[in-house]
Each structure stands twice: as C-alpha cells, then as structure tokens.
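The next block is target16.cif, given as mmCIF, C-alpha atoms and all ligand atoms.
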data_upload
#
loop_
_atom_site.label_atom_id
_atom_site.label_comp_id
_atom_site.auth_asym_id
_atom_site.auth_seq_id
_atom_site.Cartn_x
_atom_site.Cartn_y
_atom_site.Cartn_z
CA MET A 121 125.59 93.33 54.01
CA LYS A 122 122.52 91.12 53.63
CA ILE A 123 119.25 92.53 54.86
CA ILE A 124 117.02 89.77 56.16
CA ARG A 125 113.47 90.13 57.39
CA SER A 126 112.69 86.56 58.34
CA PRO A 127 114.30 85.09 61.50
CA LYS A 128 114.04 81.63 59.92
CA ARG A 129 116.05 82.76 56.89
CA LEU A 130 118.69 84.36 59.07
CA ASN A 131 118.98 81.14 61.03
CA GLN A 132 119.48 79.19 57.79
CA ALA A 133 122.06 81.70 56.59
CA LEU A 134 124.00 81.40 59.85
CA PHE A 135 123.84 77.59 59.95
CA ARG A 136 126.84 77.07 57.70
CA ALA A 137 128.94 79.67 59.56
CA ARG A 138 128.10 77.95 62.84
CA CYS A 139 129.07 74.52 61.46
CA GLN A 140 132.40 75.98 60.35
CA GLY A 141 133.00 77.09 63.93
CA LYS A 142 132.76 80.78 63.08
CA ARG A 143 132.23 83.25 65.90
CA ILE A 144 129.02 85.25 65.69
CA GLY A 145 128.81 88.68 67.33
CA PHE A 146 125.41 90.34 67.76
CA VAL A 147 124.30 93.94 68.30
CA PRO A 148 120.56 94.30 69.02
CA THR A 149 119.22 97.82 68.38
CA MET A 150 116.00 99.73 67.82
CA GLY A 151 117.54 101.58 64.88
CA SER A 152 117.90 105.33 64.44
CA LEU A 153 121.57 104.59 64.85
CA HIS A 154 124.21 106.92 66.23
CA GLU A 155 127.90 106.72 67.06
CA GLY A 156 127.08 104.78 70.27
CA HIS A 157 125.53 101.91 68.26
CA LEU A 158 128.30 102.07 65.70
CA SER A 159 130.94 101.70 68.42
CA LEU A 160 129.22 98.43 69.42
CA ALA A 161 129.15 97.20 65.82
CA ARG A 162 132.83 98.11 65.33
CA ARG A 163 133.82 96.20 68.44
CA ALA A 164 131.73 93.23 67.32
CA ARG A 165 133.49 93.43 63.93
CA LYS A 166 136.90 93.29 65.62
CA GLU A 167 136.07 90.35 67.87
CA ASN A 168 134.02 88.04 65.61
CA ASP A 169 133.94 86.35 62.18
CA ILE A 170 130.30 87.24 61.50
CA VAL A 171 128.50 90.36 62.72
CA VAL A 172 124.71 90.49 62.98
CA VAL A 173 122.82 93.68 63.85
CA SER A 174 119.07 93.73 64.45
CA ILE A 175 116.71 96.66 64.15
CA PHE A 176 113.39 96.14 65.86
CA VAL A 177 111.42 98.84 67.67
CA ASN A 178 110.05 96.56 70.33
CA PRO A 179 106.47 97.61 71.21
CA ASP A 180 106.55 95.53 74.37
CA GLN A 181 109.15 97.68 76.13
CA PHE A 182 107.20 100.94 75.77
CA GLY A 183 104.53 101.97 78.25
CA PRO A 184 101.06 102.95 76.96
CA ARG A 185 101.87 106.65 77.28
CA GLU A 186 105.42 106.40 75.97
CA ASP A 187 106.90 107.20 72.57
CA PHE A 188 106.55 103.91 70.63
CA LYS A 189 104.67 105.49 67.72
CA ARG A 190 106.93 108.52 67.57
CA TYR A 191 110.21 106.63 68.05
CA PRO A 192 112.52 107.72 65.19
CA ARG A 193 112.78 105.23 62.33
CA ASP A 194 115.23 105.71 59.46
CA LEU A 195 116.08 102.35 57.90
CA LYS A 196 117.78 103.66 54.77
CA ARG A 197 120.20 105.79 56.77
CA ASP A 198 120.81 102.95 59.26
CA GLU A 199 121.60 100.54 56.41
CA ALA A 200 124.19 102.91 54.96
CA LEU A 201 125.87 103.38 58.35
CA LEU A 202 126.04 99.63 59.03
CA LYS A 203 127.46 98.88 55.59
CA ARG A 204 130.35 101.19 56.38
CA VAL A 205 131.13 99.16 59.51
CA ARG A 206 131.09 95.98 57.39
CA VAL A 207 128.21 94.29 59.16
CA ASP A 208 127.37 90.92 57.54
CA TYR A 209 123.66 90.59 58.32
CA LEU A 210 121.02 93.13 59.24
CA LEU A 211 117.92 91.51 60.71
CA VAL A 212 114.76 93.63 60.45
CA PRO A 213 112.05 91.32 61.74
CA SER A 214 108.31 91.93 61.71
CA SER A 215 106.43 92.13 65.01
CA ARG A 216 104.63 88.90 64.13
CA SER A 217 107.88 86.95 63.75
CA ILE A 218 109.11 88.11 67.15
CA TYR A 219 105.74 87.75 68.88
CA PRO A 220 103.83 84.98 67.10
CA LYS A 221 100.08 84.84 67.69
CA GLY A 222 99.31 83.74 71.22
CA PHE A 223 102.86 84.46 72.46
CA ARG A 224 102.96 84.28 76.24
CA GLU A 225 106.54 83.35 77.06
CA PHE A 226 107.48 86.61 78.76
CA ILE A 227 110.76 86.70 80.63
CA ASN A 228 110.94 87.78 84.25
CA PRO A 229 113.59 90.53 84.21
CA GLY A 230 114.89 89.57 87.66
CA PRO A 231 115.85 91.57 90.75
CA ARG A 232 117.95 94.26 89.07
CA ALA A 233 114.80 95.55 87.36
CA ARG A 234 113.35 96.56 90.75
CA TYR A 235 115.28 99.81 90.93
CA LEU A 236 115.90 102.98 88.91
CA CYS A 237 113.91 102.81 85.64
CA GLY A 238 112.09 99.62 86.75
CA PRO A 239 109.37 101.23 88.89
CA LYS A 240 109.29 104.35 86.69
CA ARG A 241 108.60 102.35 83.52
CA PRO A 242 106.45 99.38 84.56
CA GLY A 243 106.88 96.43 82.18
CA HIS A 244 109.86 98.00 80.40
CA PHE A 245 112.51 95.51 81.50
CA ARG A 246 110.18 92.56 81.03
CA GLY A 247 109.82 93.74 77.42
CA VAL A 248 113.57 94.17 77.02
CA ALA A 249 114.41 90.78 78.57
CA THR A 250 111.76 89.04 76.45
CA VAL A 251 112.84 90.52 73.12
CA VAL A 252 116.55 90.05 73.80
CA ASN A 253 115.89 86.44 74.77
CA ARG A 254 113.94 85.92 71.52
CA LEU A 255 116.70 87.55 69.48
CA PHE A 256 119.39 85.45 71.18
CA THR A 257 117.43 82.31 70.26
CA ILE A 258 117.24 83.43 66.63
CA VAL A 259 120.85 84.60 66.22
CA GLN A 260 122.58 82.26 68.72
CA PRO A 261 125.59 84.55 69.03
CA GLN A 262 128.72 83.80 71.02
CA ALA A 263 128.88 87.44 72.10
CA ALA A 264 126.35 90.28 72.31
CA TYR A 265 127.18 93.97 72.71
CA PHE A 266 125.37 96.55 74.85
CA GLY A 267 126.12 100.21 75.57
CA LEU A 268 126.53 101.43 79.12
CA LYS A 269 124.25 104.44 78.68
CA ASP A 270 121.57 101.84 79.40
CA TYR A 271 123.61 100.53 82.31
CA GLN A 272 120.68 98.90 84.12
CA GLN A 273 119.52 97.21 80.91
CA ALA A 274 122.99 95.65 80.47
CA LYS A 275 122.88 94.41 84.08
CA VAL A 276 119.36 92.97 83.66
CA ILE A 277 120.54 91.11 80.56
CA GLU A 278 123.72 89.82 82.22
CA ASP A 279 121.54 88.47 85.01
CA MET A 280 119.08 86.88 82.56
CA VAL A 281 121.95 85.18 80.73
CA GLN A 282 123.15 83.76 84.04
CA ARG A 283 119.73 82.62 85.24
CA PHE A 284 118.95 80.88 81.93
CA ALA A 285 122.54 79.64 81.46
CA LEU A 286 122.53 81.08 77.94
CA PRO A 287 125.73 80.39 75.98
CA VAL A 288 126.39 84.03 75.11
CA ARG A 289 128.92 86.49 76.54
CA ILE A 290 127.60 89.96 77.29
CA LYS A 291 130.10 92.66 76.38
CA THR A 292 129.47 96.17 77.60
CA CYS A 293 130.90 99.23 75.87
CA PRO A 294 131.50 102.77 77.19
CA ILE A 295 129.00 105.59 76.74
CA VAL A 296 129.73 107.66 73.65
CA ARG A 297 129.23 111.38 74.31
CA GLU A 298 128.79 114.48 72.17
CA SER A 299 131.56 117.07 72.51
CA ASP A 300 129.63 118.87 75.29
CA GLY A 301 129.18 115.64 77.26
CA LEU A 302 125.59 114.71 76.30
CA ALA A 303 125.33 110.91 76.07
CA MET A 304 124.35 109.85 72.55
CA SER A 305 120.77 108.59 72.33
CA SER A 306 118.23 108.16 69.56
CA ARG A 307 115.88 110.27 71.70
CA ASN A 308 118.22 113.30 71.49
CA ARG A 309 116.55 113.87 68.10
CA TYR A 310 113.40 114.96 69.90
CA LEU A 311 115.17 117.94 71.49
CA SER A 312 114.61 121.46 70.15
CA LYS A 313 117.67 123.70 69.78
CA LYS A 314 117.01 125.29 73.15
CA GLU A 315 116.40 121.93 74.85
CA ARG A 316 119.56 120.51 73.32
CA ILE A 317 121.57 123.22 75.10
CA LEU A 318 119.78 122.50 78.40
CA ALA A 319 120.50 118.77 77.99
CA ARG A 320 124.14 119.48 78.83
CA GLY A 321 122.95 119.74 82.41
CA LEU A 322 122.71 115.94 82.78
CA TYR A 323 126.41 115.26 82.36
CA GLN A 324 127.31 118.42 84.27
CA SER A 325 125.23 117.13 87.20
CA LEU A 326 126.96 113.77 87.10
CA LEU A 327 130.33 115.51 87.16
CA GLU A 328 129.12 117.58 90.10
CA ALA A 329 128.15 114.35 91.92
CA ARG A 330 131.61 112.95 91.29
CA ARG A 331 133.24 116.13 92.55
CA VAL A 332 131.18 116.09 95.75
CA ILE A 333 131.82 112.36 96.37
CA GLN A 334 135.53 112.65 95.70
CA SER A 335 135.84 115.64 97.97
CA GLY A 336 134.88 113.27 100.78
CA HIS A 337 131.11 113.68 101.26
CA ARG A 338 129.49 110.43 102.37
CA SER A 339 125.83 111.27 102.89
CA VAL A 340 123.69 110.07 99.97
CA SER A 341 120.85 112.47 100.77
CA ARG A 342 123.22 115.43 100.84
CA ILE A 343 124.81 114.47 97.51
CA LYS A 344 121.39 113.89 95.95
CA ARG A 345 120.32 117.37 97.10
CA VAL A 346 123.34 118.96 95.43
CA VAL A 347 122.81 117.01 92.18
CA ARG A 348 119.09 117.76 92.09
CA GLY A 349 119.82 121.45 92.64
CA ARG A 350 122.30 121.47 89.74
CA LEU A 351 119.96 119.48 87.50
CA LEU A 352 116.98 121.74 88.15
CA ASN A 353 118.85 124.67 86.58
CA ASP A 354 118.16 122.98 83.23
CA VAL A 355 115.54 120.23 83.31
CA SER A 356 111.79 120.47 83.65
CA LYS A 357 111.24 117.32 85.72
CA ILE A 358 113.49 114.89 87.57
CA ASP A 359 112.43 111.22 87.41
CA TYR A 360 115.21 110.12 89.75
CA VAL A 361 118.70 110.84 90.97
CA GLU A 362 120.13 107.72 92.61
CA MET A 363 123.36 106.32 93.93
CA VAL A 364 123.34 102.56 93.43
CA ASP A 365 125.51 99.52 93.79
CA PRO A 366 127.03 98.91 90.33
CA GLU A 367 126.31 95.16 90.52
CA SER A 368 122.81 94.88 91.98
CA CYS A 369 121.56 98.34 90.91
CA ALA A 370 120.08 98.71 94.44
CA PRO A 371 120.38 102.15 96.10
CA VAL A 372 123.26 102.46 98.58
CA LYS A 373 122.66 103.92 102.03
CA ARG A 374 126.07 105.56 102.39
CA ILE A 375 129.02 106.28 100.15
CA THR A 376 131.99 104.07 101.05
CA LYS A 377 135.33 103.37 99.42
CA ARG A 378 133.57 101.09 96.93
CA PRO A 379 132.60 102.38 93.48
CA VAL A 380 129.07 103.75 93.21
CA LEU A 381 126.95 104.33 90.12
CA VAL A 382 125.31 107.75 89.99
CA ALA A 383 122.24 107.45 87.76
CA ILE A 384 119.90 110.16 86.52
CA ALA A 385 116.61 110.14 84.62
CA CYS A 386 114.86 113.40 83.82
CA PHE A 387 112.66 115.19 81.34
CA ILE A 388 113.77 118.03 79.11
CA GLY A 389 110.44 119.29 77.84
CA THR A 390 108.64 116.04 77.05
CA THR A 391 111.81 114.04 76.28
CA ARG A 392 112.98 111.56 78.90
CA LEU A 393 116.74 111.17 79.04
CA ILE A 394 118.96 108.96 81.20
CA ASP A 395 122.66 109.06 81.99
CA ASN A 396 125.05 107.62 84.54
CA LEU A 397 128.61 107.79 85.83
CA LEU A 398 130.60 105.22 87.75
CA VAL A 399 132.40 107.00 90.61
CA LYS A 400 135.19 105.55 92.70
CA GLY A 401 134.51 106.38 96.34
O1 LIG B 1 118.80 99.30 73.92
C1 LIG B 1 117.96 99.08 73.02
O2 LIG B 1 117.98 99.68 71.95
C2 LIG B 1 116.84 98.08 73.27
O3 LIG B 1 116.41 98.13 74.57
C3 LIG B 1 117.21 96.64 72.85
C4 LIG B 1 118.36 96.10 73.68
C5 LIG B 1 117.57 96.61 71.37
C6 LIG B 1 115.99 95.72 73.06
O4 LIG B 1 114.90 96.14 72.31
#
I'd like the structure from this file rewritten - as structure tokens, please.
Ligand code: PAF
Amino acid sequence: MKIIRSPKRLNQALFRARCQGKRIGFVPTMGSLHEGHLSLARRARKENDIVVVSIFVNPDQFGPREDFKRYPRDLKRDEALLKRVRVDYLLVPSSRSIYPKGFREFINPGPRARYLCGPKRPGHFRGVATVVNRLFTIVQPQAAYFGLKDYQQAKVIEDMVQRFALPVRIKTCPIVRESDGLAMSSRNRYLSKKERILARGLYQSLLEARRVIQSGHRSVSRIKRVVRGRLLNDVSKIDYVEMVDPESCAPVKRITKRPVLVAIACFIGTTRLIDNLLVKG
C-alpha cells in the first residue's frame, strides 16, 4: 500500500491505471477505522482493480461546538488495518490541499439535507458534499463506497452525483453492528464503560419501532412516543426520532405499506450517536 499525501501525486500515480482502463474503487473516510469501514474497503477490493482509501478529518463538516479537535486520530493503526485489506493507495491529504487558500466553491447539499441531521447540524452536509466532491475530482473513481449508518449522507451524495452528472457509481453497504446491536462508529470510542452499555438502547429502540409498525400501528406520532419512551430509559438527550421516506429523507405523515426509514439521533453523555433501520410497512 502506498501512502500519499499530495493529491497531485495520487493523480499522477493513478494516470497510468486509468489509461489501461483499470477500474478504480474509492472509500473516503475520516480515519479511526473500524469493521464498518473495512467492510467498505473489502467490497471495493472485490469489485475494482485499484482501491483508494482517503483519511481526512474534514474541519468543514463539524460545527463550532462539535468534536473536530477531539475526533479520534490513529494513522498508524489505520495503515495496518488497510494493508490487511490490500488497499493500493492511502491518501492522507493536508487541509491546504483540499481547501486551497481562498477556496469558495462550496457545494449545495440539496434537498435531502433539509431533514434529520440537516437542521440539527447546520453546515454539516454542505461540508460533506464539498469534501466528497473535491475527493472525487482528485481520485476520479468509477465507484465510491458509503456505509448506511450515515444513511442520509449516502442519499445526499447520491443526489449530488446526479445533479452534477458525476461519472461515479455510489455503492451503499449495510451497517456493521457490534454483537449487542450497537452500530459501529468511530465516536463509540468516546463512551465510558457505563455509557457503552446504555448505547445498546439505540438499536433496541429501532427494533421496538419495527415491532410496533409491523404489528399494524399506522400513527407516526404514536410510534414516535413509544420509541422515545424506550430510548429515554438509556439516553440523556434525544436529538430526533423520525420516520422518513427512504428516498427523499422527508418525514412521512402516516405509515403505509411502503418501506419507511426509522432514524434516531441522541446523546449518551456528551456523545452524539445516530442509527437507523429500514422497516417494511
Ligand atoms: O462518513 C465520513 O466519514 C465522512 O463524512 C466522509 C464521507 C469521509 C466525508 O468527510
């Protein structure tokens, strides 16, 4: 695995592969890798000739009071994990190479950013869309891989790819969970032992939502009440519990026969966690 810090150098390195018609698969990450990221890299390995992973903790997608400074960074460990998956190139760009002086070309994240985490984290999806767009320009992959724990992020990026007619296929991969159901996330590292036990409540609440929906309940407000009640056994603050259309990410008014995405964001202590479950009506 070659570790490359300069986007220009990566572009040069990939030039020959591109000319030979090789397929490039790309996994953008913010590092502090876990099994969820590795499942993306493994799938990229299976489906492409060349696999590129990037590690860049993107300052632009964190709010002023969020955890940018504290976000876990562990490059040595990440390198070792990626080598085992046989990644070809690891891009670790500097902030300056992603956001050159005077950079103003921010990307409008589109309508799907209006819901769920959008209003709760102002500017977050603009930051994500902008950095992913920059990284796509540098890597020019045929396929890019995103995990469904960040379901809304994947949808925002699919929409951006469509609006800009970018020649990249977005491939989404299932959430990878710990044995007790907690969705893997770099932020799980913030949890104390006691909080880690409480964090089971997220997935349990999603399962409760599915049980209530599949037992025939149709009222969104009633289901939300049940889920909130279950969630509050464990979490200190609920950011949202929503039932949304899986395509647009907009809240649904009533449960119908169509699939619905149940999405949760909440705080365990000071750690904000998200999770979701697609439920067939
Ligand atoms: O999901 C992430 O880790 C980040 O949002 C991404 C897609 C790498 C953009 O910074």
Item checked: Residue contacts of Gly247 (chain A) (12 Å, only C-alpha atoms) excluding same-chain residues fewer than 4 positions away, as a VMD selection string -> chain A and resid 177 to 183 218 to 219 224 to 229 233 238 241 to 243 251 to 254 273 276 to 277
Produce a file of the selected residues containing C-alpha atoms, as an mmCIF file, in the coordinates of the input.
data_model
loop_
_atom_site.group_PDB
_atom_site.id
_atom_site.type_symbol
_atom_site.label_atom_id
_atom_site.label_comp_id
_atom_site.auth_asym_id
_atom_site.auth_seq_id
_atom_site.Cartn_x
_atom_site.Cartn_y
_atom_site.Cartn_z
ATOM 1 C CA VAL A 177 111.420 98.840 67.670
ATOM 2 C CA ASN A 178 110.050 96.560 70.330
ATOM 3 C CA PRO A 179 106.470 97.610 71.210
ATOM 4 C CA ASP A 180 106.550 95.530 74.370
ATOM 5 C CA GLN A 181 109.150 97.680 76.130
ATOM 6 C CA PHE A 182 107.200 100.940 75.770
ATOM 7 C CA GLY A 183 104.530 101.970 78.250
ATOM 8 C CA ILE A 218 109.110 88.110 67.150
ATOM 9 C CA TYR A 219 105.740 87.750 68.880
ATOM 10 C CA ARG A 224 102.960 84.280 76.240
ATOM 11 C CA GLU A 225 106.540 83.350 77.060
ATOM 12 C CA PHE A 226 107.480 86.610 78.760
ATOM 13 C CA ILE A 227 110.760 86.700 80.630
ATOM 14 C CA ASN A 228 110.940 87.780 84.250
ATOM 15 C CA PRO A 229 113.590 90.530 84.210
ATOM 16 C CA ALA A 233 114.800 95.550 87.360
ATOM 17 C CA GLY A 238 112.090 99.620 86.750
ATOM 18 C CA ARG A 241 108.600 102.350 83.520
ATOM 19 C CA PRO A 242 106.450 99.380 84.560
ATOM 20 C CA GLY A 243 106.880 96.430 82.180
ATOM 21 C CA VAL A 251 112.840 90.520 73.120
ATOM 22 C CA VAL A 252 116.550 90.050 73.800
ATOM 23 C CA ASN A 253 115.890 86.440 74.770
ATOM 24 C CA ARG A 254 113.940 85.920 71.520
ATOM 25 C CA GLN A 273 119.520 97.210 80.910
ATOM 26 C CA VAL A 276 119.360 92.970 83.660
ATOM 27 C CA ILE A 277 120.540 91.110 80.560
#
Note to self: Just want the 12 Å neighbourhood of Ile290 (chain A), counted on only C-alpha atoms, with same-chain residues fewer than 2 positions away dropped. Output as number ranges by chain.
What the structure shows: A: 145-148, 160, 164, 252, 256, 261-268, 273-282, 286-288, 292-293
Generate a file of the selected residues that holds C-alpha atoms, formatted as a PDB file, in the coordinates of the input.
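After the write, out_14.pdb holds the following:
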ATOM      1  CA  GLY A 145     128.810  88.680  67.330  1.00  0.00           C
ATOM      2  CA  PHE A 146     125.410  90.340  67.760  1.00  0.00           C
ATOM      3  CA  VAL A 147     124.300  93.940  68.300  1.00  0.00           C
ATOM      4  CA  PRO A 148     120.560  94.300  69.020  1.00  0.00           C
ATOM      5  CA  LEU A 160     129.220  98.430  69.420  1.00  0.00           C
ATOM      6  CA  ALA A 164     131.730  93.230  67.320  1.00  0.00           C
ATOM      7  CA  VAL A 252     116.550  90.050  73.800  1.00  0.00           C
ATOM      8  CA  PHE A 256     119.390  85.450  71.180  1.00  0.00           C
ATOM      9  CA  PRO A 261     125.590  84.550  69.030  1.00  0.00           C
ATOM     10  CA  GLN A 262     128.720  83.800  71.020  1.00  0.00           C
ATOM     11  CA  ALA A 263     128.880  87.440  72.100  1.00  0.00           C
ATOM     12  CA  ALA A 264     126.350  90.280  72.310  1.00  0.00           C
ATOM     13  CA  TYR A 265     127.180  93.970  72.710  1.00  0.00           C
ATOM     14  CA  PHE A 266     125.370  96.550  74.850  1.00  0.00           C
ATOM     15  CA  GLY A 267     126.120 100.210  75.570  1.00  0.00           C
ATOM     16  CA  LEU A 268     126.530 101.430  79.120  1.00  0.00           C
ATOM     17  CA  GLN A 273     119.520  97.210  80.910  1.00  0.00           C
ATOM     18  CA  ALA A 274     122.990  95.650  80.470  1.00  0.00           C
ATOM     19  CA  LYS A 275     122.880  94.410  84.080  1.00  0.00           C
ATOM     20  CA  VAL A 276     119.360  92.970  83.660  1.00  0.00           C
ATOM     21  CA  ILE A 277     120.540  91.110  80.560  1.00  0.00           C
ATOM     22  CA  GLU A 278     123.720  89.820  82.220  1.00  0.00           C
ATOM     23  CA  ASP A 279     121.540  88.470  85.010  1.00  0.00           C
ATOM     24  CA  MET A 280     119.080  86.880  82.560  1.00  0.00           C
ATOM     25  CA  VAL A 281     121.950  85.180  80.730  1.00  0.00           C
ATOM     26  CA  GLN A 282     123.150  83.760  84.040  1.00  0.00           C
ATOM     27  CA  LEU A 286     122.530  81.080  77.940  1.00  0.00           C
ATOM     28  CA  PRO A 287     125.730  80.390  75.980  1.00  0.00           C
ATOM     29  CA  VAL A 288     126.390  84.030  75.110  1.00  0.00           C
ATOM     30  CA  THR A 292     129.470  96.170  77.600  1.00  0.00           C
ATOM     31  CA  CYS A 293     130.900  99.230  75.870  1.00  0.00           C
TER      32      CYS A 293
END
Checklist line | Non-local contacts of Ser174 (chain A) (12 Å; only C-alpha atoms; under 4 positions in same chain excluded) as an MDAnalysis selection string | finding: chainID A and resid 122:127 130 145:153 157 161 178 195 198:199 202 207:214 218 251:252 254:256 258:259 264:265
Next item on the list: Using atom O2 of ligand LIG 1 (chain B) and CA of Lys400 (chain A) as the two end points, give the distance in Å to one decimal.
Entry: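 Separation between atom O2 of ligand LIG 1 (chain B) and CA of Lys400 (chain A): 27.6 Å.
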Notebook entry, point to check: If you count only C-alpha atoms, which residues fall within 9 Å of Ile295 (chain A), apart from same-chain ones fewer than 5 positions away, as a PyMOL selection string?
Noted result: chain A and resi 156+267-270+303-304+395-396
Notebook entry, point to check: Which of these, A:Arg197, A:Arg307, A:Lys189, A:Arg162, has the shortest distance to ligand LIG 1 (chain B) once you count all atoms listed in the file?
Noted result: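 Nearest to ligand LIG 1 (chain B): A:Arg307.
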Next item on the list: Would you mind telling me which residue in A:Arg136, A:Arg216, A:Arg143, A:His244 lies nearest to ligand LIG 1 (chain B) when using only C-alpha atoms and all ligand atoms?
Entry: A:His244
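Between CA of Ser306 (chain A) and CA of Ala385 (chain A) lies a distance of 15.3 Å.
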Check: Of the candidates A:Cys369, A:Phe188, A:Val361, A:Thr376, which shows the shortest atom-to-atom distance to His337 (chain A), using all atoms listed in the file?
Finding: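 Among A:Cys369, A:Phe188, A:Val361, A:Thr376, it is A:Thr376 that comes nearest to His337 (chain A).
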Check: CA of Tyr310 (chain A) and CA of Val399 (chain A), how far apart in Å?
Finding: 29.2 Å
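Shortest atom-to-atom contact with ligand LIG 1 (chain B) among A:Leu318, A:Ile388, A:Ile175, A:Ile170: A:Ile175, counting only C-alpha atoms and all ligand atoms.
For the choices A:Ala137, A:Leu326, A:Ile144, A:Val173, the atom-to-atom distance to ligand LIG 1 (chain B) is smallest for A:Val173 when using only C-alpha atoms and all ligand atoms.
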